[in-house]
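Content type CSV, C-alpha atoms, from the file start.csv:
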chain,number,residue,atom,x,y,z
A,22,MET,CA,122.5,103.8,119.7
A,23,ASN,CA,120.3,104.5,122.7
A,24,TRP,CA,117.8,101.7,122.6
A,25,THR,CA,115.6,103.3,125.3
A,26,GLU,CA,115.4,106.6,123.5
A,27,ALA,CA,111.8,107.8,123.3
A,28,ILE,CA,110.2,108.2,119.8
A,29,ASP,CA,107.3,110.4,119.2
A,30,ALA,CA,106.4,109.7,115.5
A,31,TYR,CA,102.6,109.7,115.3
A,32,CYS,CA,99.8,112.2,115.8
A,33,GLU,CA,98.0,110.3,118.4
A,34,ARG,CA,100.9,110.2,120.9
A,35,THR,CA,100.9,113.2,123.2
A,36,GLY,CA,103.4,112.0,125.8
A,37,PRO,CA,105.7,109.1,126.9
A,38,GLU,CA,102.9,107.1,128.7
A,39,TYR,CA,102.3,103.4,127.7
A,40,TRP,CA,98.7,104.2,126.7
A,41,SER,CA,99.4,107.4,124.8
A,42,GLU,CA,98.5,105.7,121.6
A,43,PRO,CA,95.5,103.5,122.5
A,44,VAL,CA,93.9,103.4,119.0
A,45,ASN,CA,97.2,102.8,117.2
A,46,ALA,CA,98.0,100.1,119.7
A,47,LEU,CA,94.7,98.3,119.7
A,48,THR,CA,94.3,98.3,115.9
A,49,ASN,CA,97.3,96.0,115.7
A,50,LEU,CA,94.7,93.3,116.5
A,51,ALA,CA,94.0,93.5,112.7
A,52,PHE,CA,97.3,91.7,112.1
A,53,ILE,CA,96.6,89.0,114.7
A,54,LEU,CA,93.1,88.4,113.3
A,55,ALA,CA,94.3,88.2,109.8
A,56,ALA,CA,97.1,85.8,110.8
A,57,ALA,CA,94.6,83.6,112.7
A,58,ILE,CA,92.1,83.5,109.8
A,59,MET,CA,94.8,82.6,107.3
A,60,TRP,CA,96.4,80.0,109.6
A,61,ARG,CA,93.2,78.1,109.4
A,62,ARG,CA,93.1,78.4,105.6
A,63,CYS,CA,96.7,77.4,105.1
A,64,GLN,CA,96.3,73.8,106.3
A,65,GLY,CA,97.3,70.7,104.4
A,66,PRO,CA,100.2,69.6,102.2
A,67,GLY,CA,102.3,72.2,100.4
A,68,MET,CA,101.2,75.0,102.7
A,69,ALA,CA,104.3,75.3,105.0
A,70,ILE,CA,105.4,78.7,103.6
A,71,GLY,CA,101.8,79.9,104.0
A,72,ARG,CA,101.8,79.0,107.7
A,73,ALA,CA,105.2,80.6,108.1
A,74,MET,CA,103.8,83.8,106.6
A,75,CYS,CA,100.9,83.7,109.0
A,76,ALA,CA,103.3,83.3,111.9
A,77,VAL,CA,105.3,86.3,110.8
A,78,LEU,CA,102.1,88.3,110.3
A,79,ALA,CA,101.2,87.7,113.9
A,80,VAL,CA,104.7,88.8,115.0
A,81,ILE,CA,104.2,92.0,113.0
A,82,GLY,CA,101.1,92.7,115.1
A,83,ILE,CA,103.1,92.1,118.3
A,84,GLY,CA,106.1,94.2,117.1
A,85,SER,CA,103.8,97.1,116.2
A,86,TRP,CA,102.0,96.8,119.5
A,87,LEU,CA,105.3,97.2,121.3
A,88,PHE,CA,106.2,100.3,119.3
A,89,HIS,CA,102.9,102.0,119.8
A,90,THR,CA,103.0,101.4,123.5
A,91,HIS,CA,106.7,101.6,124.5
A,92,ALA,CA,107.6,104.1,121.7
A,93,THR,CA,111.3,103.5,122.1
A,94,ALA,CA,114.2,102.7,119.7
A,95,TRP,CA,114.2,99.0,120.6
A,96,ALA,CA,110.5,98.8,120.1
A,97,SER,CA,110.9,100.5,116.7
A,98,THR,CA,113.3,97.7,115.7
A,99,ALA,CA,110.8,95.1,116.9
A,100,ASP,CA,108.2,96.8,114.7
A,101,VAL,CA,110.3,97.0,111.5
A,102,LEU,CA,112.1,93.7,111.4
A,103,PRO,CA,109.1,91.4,111.2
A,104,ILE,CA,107.8,93.5,108.3
A,105,LEU,CA,111.1,93.0,106.4
A,106,GLY,CA,110.9,89.3,107.3
A,107,PHE,CA,107.4,89.0,105.7
A,108,ILE,CA,108.5,90.8,102.6
A,109,LEU,CA,111.5,88.5,102.1
A,110,LEU,CA,109.4,85.4,102.8
A,111,TYR,CA,106.7,86.5,100.3
A,112,VAL,CA,109.3,87.4,97.6
A,113,PHE,CA,110.7,83.8,98.0
A,114,ALA,CA,107.2,82.2,97.8
A,115,ALA,CA,106.1,84.4,94.9
A,116,SER,CA,109.3,83.7,92.9
A,117,ARG,CA,109.1,80.0,93.5
A,118,ASP,CA,105.4,79.4,93.1
A,119,PHE,CA,104.2,82.2,90.8
A,120,LEU,CA,107.2,82.4,88.5
A,121,GLY,CA,108.3,78.8,88.8
A,122,PHE,CA,111.8,79.5,90.0
A,123,LYS,CA,113.9,76.8,91.5
A,124,PRO,CA,114.5,77.3,95.2
A,125,TRP,CA,118.0,78.6,94.7
A,126,GLN,CA,116.8,81.0,92.1
A,127,ALA,CA,114.0,82.2,94.4
A,128,GLY,CA,116.7,82.6,97.1
A,129,LEU,CA,118.7,84.9,94.8
A,130,ALA,CA,115.5,86.9,93.9
A,131,THR,CA,114.8,87.3,97.6
A,132,ALA,CA,118.3,88.5,98.3
A,133,ALA,CA,118.0,91.0,95.5
A,134,PHE,CA,115.3,92.8,97.4
A,135,ILE,CA,117.9,94.3,99.7
A,136,PRO,CA,119.8,96.2,96.9
A,137,TYR,CA,116.5,97.0,95.2
A,138,ALA,CA,115.3,98.7,98.3
A,139,ALA,CA,118.6,100.4,98.9
A,140,LEU,CA,118.6,101.9,95.4
A,141,THR,CA,114.9,102.9,95.2
A,142,VAL,CA,114.2,104.2,98.7
A,143,PRO,CA,116.5,107.2,98.2
A,144,LEU,CA,114.5,108.1,95.1
A,145,TRP,CA,111.2,107.9,96.9
A,146,GLN,CA,112.6,110.1,99.6
A,147,LYS,CA,112.8,112.9,97.1
A,148,VAL,CA,109.0,112.8,96.6
A,149,PRO,CA,107.6,115.8,98.5
A,150,GLY,CA,105.4,114.9,101.5
A,151,LEU,CA,106.1,111.1,101.4
A,152,GLY,CA,108.3,111.3,104.5
A,153,SER,CA,109.0,108.0,106.3
A,154,SER,CA,106.6,106.2,104.1
A,155,SER,CA,109.3,106.3,101.4
A,156,GLY,CA,110.8,103.2,103.0
A,157,TYR,CA,107.7,101.2,102.1
A,158,ALA,CA,107.1,102.7,98.6
A,159,PRO,CA,109.2,100.1,96.7
A,160,VAL,CA,106.9,97.3,97.9
A,161,PRO,CA,103.7,98.1,96.0
A,162,VAL,CA,105.8,98.7,92.9
A,163,LEU,CA,107.3,95.2,93.3
A,164,ILE,CA,103.9,93.6,93.8
A,165,LEU,CA,102.7,95.3,90.6
A,166,LEU,CA,105.7,94.0,88.8
A,167,PHE,CA,104.8,90.4,89.9
A,168,ALA,CA,101.2,91.1,88.8
A,169,LEU,CA,102.6,92.2,85.4
A,170,LEU,CA,104.7,89.1,85.0
A,171,MET,CA,101.7,86.9,85.9
A,172,ARG,CA,99.1,88.6,83.7
A,173,HIS,CA,99.3,85.9,81.0
A,174,ARG,CA,100.4,82.9,83.1
A,175,ASP,CA,97.6,83.2,85.7
A,176,PRO,CA,95.3,86.2,85.3
A,177,ALA,CA,93.5,85.4,88.6
A,178,THR,CA,96.7,85.6,90.5
A,179,ALA,CA,97.7,88.8,88.7
A,180,ARG,CA,94.4,90.4,89.6
A,181,GLY,CA,94.8,89.4,93.2
A,182,LEU,CA,98.3,90.9,93.4
A,183,ALA,CA,97.1,94.1,91.8
A,184,LEU,CA,94.3,94.4,94.3
A,185,GLY,CA,96.9,93.8,97.1
A,186,ALA,CA,99.1,96.6,95.7
A,187,GLY,CA,96.1,98.9,95.5
A,188,ILE,CA,95.1,98.3,99.2
A,189,LEU,CA,98.7,98.9,100.2
A,190,ILE,CA,98.8,102.2,98.3
A,191,VAL,CA,95.7,103.4,100.1
A,192,SER,CA,97.2,102.2,103.4
A,193,LEU,CA,100.4,104.1,102.7
A,194,THR,CA,98.3,107.2,102.0
A,195,PHE,CA,96.8,107.0,105.5
A,196,ARG,CA,100.2,106.5,107.0
A,197,THR,CA,101.6,109.5,105.1
A,198,ILE,CA,98.9,112.0,106.0
A,199,ASP,CA,98.9,111.2,109.7
A,200,GLU,CA,101.2,114.0,110.7
A,201,PRO,CA,100.2,116.7,108.1
A,202,LEU,CA,96.5,116.3,109.2
A,203,CYS,CA,97.3,116.2,112.9
A,204,ALA,CA,95.8,119.6,113.6
A,205,ALA,CA,92.6,118.8,111.9
A,206,ILE,CA,92.4,115.1,113.0
A,207,PRO,CA,94.0,114.9,116.5
A,208,LEU,CA,93.5,111.1,116.6
A,209,GLY,CA,95.6,110.9,113.4
A,210,THR,CA,95.2,108.4,110.6
A,211,HIS,CA,97.9,105.9,111.3
A,212,PHE,CA,95.5,103.4,112.8
A,213,MET,CA,94.1,102.9,109.2
A,214,TRP,CA,97.5,101.8,108.2
A,215,HIS,CA,97.2,99.0,110.7
A,216,ILE,CA,93.7,98.0,109.7
A,217,LEU,CA,94.3,98.1,105.9
A,218,ASN,CA,97.7,96.5,106.2
A,219,GLY,CA,96.2,93.6,108.2
A,220,LEU,CA,93.7,93.2,105.4
A,221,MET,CA,96.3,93.5,102.7
A,222,LEU,CA,98.8,91.1,104.2
A,223,GLY,CA,96.1,88.5,104.9
A,224,TRP,CA,94.9,88.9,101.3
A,225,MET,CA,98.4,88.5,99.9
A,226,ILE,CA,98.7,85.2,101.8
A,227,GLU,CA,95.3,84.2,100.3
A,228,VAL,CA,96.5,85.0,96.8
A,229,TRP,CA,99.5,82.8,97.3
A,230,ARG,CA,97.3,80.0,98.9
A,231,ARG,CA,94.8,80.0,96.0
A,232,HIS,CA,97.6,79.9,93.4
A,233,ARG,CA,99.4,77.1,95.2
A,234,ALA,CA,96.3,75.1,95.7
A,235,ARG,CA,95.3,75.4,92.0
A,236,ARG,CA,98.8,74.3,90.9
A,237,MET,CA,98.9,71.3,93.3
A,238,LEU,CA,95.4,70.3,92.2
A,239,ALA,CA,96.4,70.5,88.5
A,240,ALA,CA,99.5,68.4,89.3
A,241,GLY,CA,97.3,65.8,91.2
A,242,ALA,CA,99.1,66.5,94.4
A,243,VAL,CA,95.8,67.0,96.3
A,244,PRO,CA,92.4,65.4,95.9
A,245,ALA,CA,89.8,67.3,93.9

Turn this file's structure into C-alpha cells for me.
Amino acid sequence: MNWTEAIDAYCERTGPEYWSEPVNALTNLAFILAAAIMWRRCQGPGMAIGRAMCAVLAVIGIGSWLFHTHATAWASTADVLPILGFILLYVFAASRDFLGFKPWQAGLATAAFIPYAALTVPLWQKVPGLGSSSGYAPVPVLILLFALLMRHRDPATARGLALGAGILIVSLTFRTIDEPLCAAIPLGTHFMWHILNGLMLGWMIEVWRRHRARRMLAAGAVPA
C-alpha cells in the first residue's frame, strides 16, 4: 500500500493543497469542543470510561483534521481508526452499564461488533447511492437495538439512544449526498457530517453519563 497516495474523496477538495478543504478541516473543531465539554461533565467516581470516550472523541477530531488537510492514505487511516475505537469502547460501556453484563461478557459483545460489521456492511453496500457511507450504516442500527433493549429497563436511556441514532442518520445523509450534489453545492455537505457527528458523539457520552450517574446514585455510590 502506498501510504502517501493522494485521496480526493469529497466535493470541497479541488486539488492536492493542504488547505483545499478548509471548511471540512475546520469543522473538526466540533469533535474537540464536544470532547472538552463532556470531559468536564465526566468527572468523579465511576466515570473513567466516560473520560476515555472523551479522549478518543478528541482524537477523532485530530484524525479527521489530518485527512481533510493531507488527504493521503495514511491520513485516511488516522481518520478511521479512532472512530472504530470509539465504537468499540461505547459498545463495551453500553453492554456493561446499560445491559448489566459482566466485564468479560461486555468484552465478548464488543468483539462481536467486528463480525457484525463484516456481515452487514456488504448488505448496505448494495443499497443504491449509499456509497462509502455503507461502512457506517450498521452503527445506527446497533444503537437502535440497544434502545429497543432498554425501552422497559430505562425509558430515559432508551429515548436518549434513539435520539442519538436519529442524529447519526441525518449526519450520514449529509455525508452521502456530498458527491451527488457537488455540482449544485460546490462546497459540499460533508462538513455537516462533522458538526452533527460531534453533536451526536458528545450526546452519546452524555446518555451514558446520565445512566451511569443514576445507577450509582441508586446504589448509594455517590452522594445525593

Which residue is closest to A:Pro201? Choose from A:Gly150, A:Gly223, A:Gly121, A:Gly67 and count only C-alpha atoms.
A:Gly150

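The coordinates place atom CA of A:Trp229 at 9.6 Å from atom CA of A:Met68.
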
Record the distance separating atom CA of A:Gly181 and atom CA of A:Ser116, expressed in Å with one decimal.
15.6 Å

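Counting only C-alpha atoms and comparing A:Tyr39, A:Leu166, A:Pro66, A:Val142, the residue that lies closest to A:Met237 is A:Pro66.
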
Set the distance at 9 Å and use all atoms listed in the file: which residues neighbour A:Arg230 once local chain neighbours fewer than 6 positions away are removed? I'd like the list as a count of residues only.
4

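Distance check against A:Arg174 using all atoms listed in the file: of A:Ala73, A:Leu120, A:Ala114, A:Ala240, the minimum falls on A:Leu120.
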
List every protein, DNA or RNA residue with an atom no more than 8 Å from (107.4, 106.2, 125.8) in the file's coordinates, counting all atoms listed in the file, and format the result as a count of residues only.
11

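Counting from atom CA of A:Phe212, the distance to atom CA of A:Val191 is 12.7 Å.
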
Considering all atoms listed in the file, tabulate each residue of stretch 49-148 of chain A that lies at most 12 Å from stretch 205-211 of chain A along with its nearest interatomic pair and the corresponding distance in Å to one decimal; arrange the rows by chain and ascending residue number and present them as CSV.
residue,atom,partner,partner_atom,distance
A:Asn49,CA,A:His211,CA,10.9
A:Ser85,CA,A:His211,CA,11.7
A:His89,CA,A:His211,CA,10.6

Pick out the residues sitting within 12 Å of A:Phe122, and hand them over as number ranges by chain; count all atoms listed in the file, and ignore anything fewer than 6 positions along from it in its own chain.
A: 112-116, 128-131

Find the spatial neighbours of A:Thr178, counting only C-alpha atoms, within a cut-off of 8 Å - ignore same-chain residues fewer than 5 positions away - and output them as a tab-separated table (two decimals) with C-alpha atoms, in the coordinates of the input.
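Okay, out-v9.tsv is ready:
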chain	number	residue	atom	x	y	z
A	168	ALA	CA	101.20	91.10	88.80
A	171	MET	CA	101.70	86.90	85.90
A	172	ARG	CA	99.10	88.60	83.70
A	228	VAL	CA	96.50	85.00	96.80
A	229	TRP	CA	99.50	82.80	97.30
A	232	HIS	CA	97.60	79.90	93.40

Reconstruct stretch 174-205 of chain A at the level of N, CA and C atoms, and format the result as a PDB file, in the coordinates of the input.
ATOM      1  N   ARG A 174     100.230  84.259  82.500  1.00  0.00           N
ATOM      2  CA  ARG A 174     100.400  82.900  83.100  1.00  0.00           C
ATOM      3  C   ARG A 174      99.178  82.552  83.937  1.00  0.00           C
ATOM      4  N   ASP A 175      98.729  83.496  84.741  1.00  0.00           N
ATOM      5  CA  ASP A 175      97.600  83.200  85.700  1.00  0.00           C
ATOM      6  C   ASP A 175      96.921  84.568  85.953  1.00  0.00           C
ATOM      7  N   PRO A 176      95.943  84.937  85.118  1.00  0.00           N
ATOM      8  CA  PRO A 176      95.300  86.200  85.300  1.00  0.00           C
ATOM      9  C   PRO A 176      94.629  86.410  86.664  1.00  0.00           C
ATOM     10  N   ALA A 177      94.122  85.330  87.249  1.00  0.00           N
ATOM     11  CA  ALA A 177      93.500  85.400  88.600  1.00  0.00           C
ATOM     12  C   ALA A 177      94.499  85.856  89.623  1.00  0.00           C
ATOM     13  N   THR A 178      95.670  85.239  89.572  1.00  0.00           N
ATOM     14  CA  THR A 178      96.700  85.600  90.500  1.00  0.00           C
ATOM     15  C   THR A 178      97.190  87.047  90.263  1.00  0.00           C
ATOM     16  N   ALA A 179      97.304  87.432  88.994  1.00  0.00           N
ATOM     17  CA  ALA A 179      97.700  88.800  88.700  1.00  0.00           C
ATOM     18  C   ALA A 179      96.710  89.810  89.212  1.00  0.00           C
ATOM     19  N   ARG A 180      95.418  89.520  89.066  1.00  0.00           N
ATOM     20  CA  ARG A 180      94.400  90.400  89.600  1.00  0.00           C
ATOM     21  C   ARG A 180      94.472  90.510  91.108  1.00  0.00           C
ATOM     22  N   GLY A 181      94.706  89.378  91.755  1.00  0.00           N
ATOM     23  CA  GLY A 181      94.800  89.400  93.200  1.00  0.00           C
ATOM     24  C   GLY A 181      95.998  90.188  93.698  1.00  0.00           C
ATOM     25  N   LEU A 182      97.125  90.069  92.997  1.00  0.00           N
ATOM     26  CA  LEU A 182      98.300  90.900  93.400  1.00  0.00           C
ATOM     27  C   LEU A 182      98.063  92.343  93.142  1.00  0.00           C
ATOM     28  N   ALA A 183      97.418  92.680  92.040  1.00  0.00           N
ATOM     29  CA  ALA A 183      97.100  94.100  91.800  1.00  0.00           C
ATOM     30  C   ALA A 183      96.215  94.679  92.829  1.00  0.00           C
ATOM     31  N   LEU A 184      95.230  93.898  93.264  1.00  0.00           N
ATOM     32  CA  LEU A 184      94.300  94.400  94.300  1.00  0.00           C
ATOM     33  C   LEU A 184      95.131  94.576  95.616  1.00  0.00           C
ATOM     34  N   GLY A 185      96.028  93.656  95.926  1.00  0.00           N
ATOM     35  CA  GLY A 185      96.900  93.800  97.100  1.00  0.00           C
ATOM     36  C   GLY A 185      97.706  95.077  97.055  1.00  0.00           C
ATOM     37  N   ALA A 186      98.280  95.351  95.878  1.00  0.00           N
ATOM     38  CA  ALA A 186      99.100  96.600  95.700  1.00  0.00           C
ATOM     39  C   ALA A 186      98.202  97.809  95.893  1.00  0.00           C
ATOM     40  N   GLY A 187      96.969  97.747  95.385  1.00  0.00           N
ATOM     41  CA  GLY A 187      96.100  98.900  95.500  1.00  0.00           C
ATOM     42  C   GLY A 187      95.715  99.158  96.975  1.00  0.00           C
ATOM     43  N   ILE A 188      95.436  98.091  97.736  1.00  0.00           N
ATOM     44  CA  ILE A 188      95.100  98.300  99.200  1.00  0.00           C
ATOM     45  C   ILE A 188      96.341  98.866  99.880  1.00  0.00           C
ATOM     46  N   LEU A 189      97.536  98.395  99.525  1.00  0.00           N
ATOM     47  CA  LEU A 189      98.700  98.900 100.200  1.00  0.00           C
ATOM     48  C   LEU A 189      98.956 100.388  99.861  1.00  0.00           C
ATOM     49  N   ILE A 190      98.663 100.803  98.649  1.00  0.00           N
ATOM     50  CA  ILE A 190      98.800 102.200  98.300  1.00  0.00           C
ATOM     51  C   ILE A 190      97.869 103.085  99.102  1.00  0.00           C
ATOM     52  N   VAL A 191      96.618 102.629  99.261  1.00  0.00           N
ATOM     53  CA  VAL A 191      95.700 103.400 100.100  1.00  0.00           C
ATOM     54  C   VAL A 191      96.156 103.407 101.540  1.00  0.00           C
ATOM     55  N   SER A 192      96.654 102.254 102.001  1.00  0.00           N
ATOM     56  CA  SER A 192      97.200 102.200 103.400  1.00  0.00           C
ATOM     57  C   SER A 192      98.338 103.125 103.583  1.00  0.00           C
ATOM     58  N   LEU A 193      99.250 103.169 102.617  1.00  0.00           N
ATOM     59  CA  LEU A 193     100.400 104.100 102.700  1.00  0.00           C
ATOM     60  C   LEU A 193      99.947 105.544 102.711  1.00  0.00           C
ATOM     61  N   THR A 194      98.855 105.820 102.013  1.00  0.00           N
ATOM     62  CA  THR A 194      98.300 107.200 102.000  1.00  0.00           C
ATOM     63  C   THR A 194      97.902 107.604 103.409  1.00  0.00           C
ATOM     64  N   PHE A 195      97.190 106.722 104.103  1.00  0.00           N
ATOM     65  CA  PHE A 195      96.800 107.000 105.500  1.00  0.00           C
ATOM     66  C   PHE A 195      98.007 107.194 106.386  1.00  0.00           C
ATOM     67  N   ARG A 196      99.033 106.382 106.176  1.00  0.00           N
ATOM     68  CA  ARG A 196     100.200 106.500 107.000  1.00  0.00           C
ATOM     69  C   ARG A 196     100.931 107.846 106.736  1.00  0.00           C
ATOM     70  N   THR A 197     100.939 108.264 105.481  1.00  0.00           N
ATOM     71  CA  THR A 197     101.600 109.500 105.100  1.00  0.00           C
ATOM     72  C   THR A 197     100.972 110.751 105.600  1.00  0.00           C
ATOM     73  N   ILE A 198      99.634 110.760 105.611  1.00  0.00           N
ATOM     74  CA  ILE A 198      98.900 112.000 106.000  1.00  0.00           C
ATOM     75  C   ILE A 198      98.689 112.118 107.473  1.00  0.00           C
ATOM     76  N   ASP A 199      99.145 111.146 108.257  1.00  0.00           N
ATOM     77  CA  ASP A 199      98.900 111.200 109.700  1.00  0.00           C
ATOM     78  C   ASP A 199      99.429 112.481 110.325  1.00  0.00           C
ATOM     79  N   GLU A 200     100.665 112.832 110.072  1.00  0.00           N
ATOM     80  CA  GLU A 200     101.200 114.000 110.700  1.00  0.00           C
ATOM     81  C   GLU A 200     100.742 115.333 110.049  1.00  0.00           C
ATOM     82  N   PRO A 201     100.678 115.418 108.708  1.00  0.00           N
ATOM     83  CA  PRO A 201     100.200 116.700 108.100  1.00  0.00           C
ATOM     84  C   PRO A 201      98.771 117.049 108.523  1.00  0.00           C
ATOM     85  N   LEU A 202      97.922 116.061 108.801  1.00  0.00           N
ATOM     86  CA  LEU A 202      96.500 116.300 109.200  1.00  0.00           C
ATOM     87  C   LEU A 202      96.302 116.327 110.670  1.00  0.00           C
ATOM     88  N   CYS A 203      97.383 116.318 111.435  1.00  0.00           N
ATOM     89  CA  CYS A 203      97.300 116.200 112.900  1.00  0.00           C
ATOM     90  C   CYS A 203      96.434 117.282 113.519  1.00  0.00           C
ATOM     91  N   ALA A 204      96.590 118.496 113.051  1.00  0.00           N
ATOM     92  CA  ALA A 204      95.800 119.600 113.600  1.00  0.00           C
ATOM     93  C   ALA A 204      94.350 119.469 113.384  1.00  0.00           C
ATOM     94  N   ALA A 205      93.999 118.929 112.221  1.00  0.00           N
ATOM     95  CA  ALA A 205      92.600 118.800 111.900  1.00  0.00           C
ATOM     96  C   ALA A 205      91.998 117.473 112.445  1.00  0.00           C
TER      97      ALA A 205
END
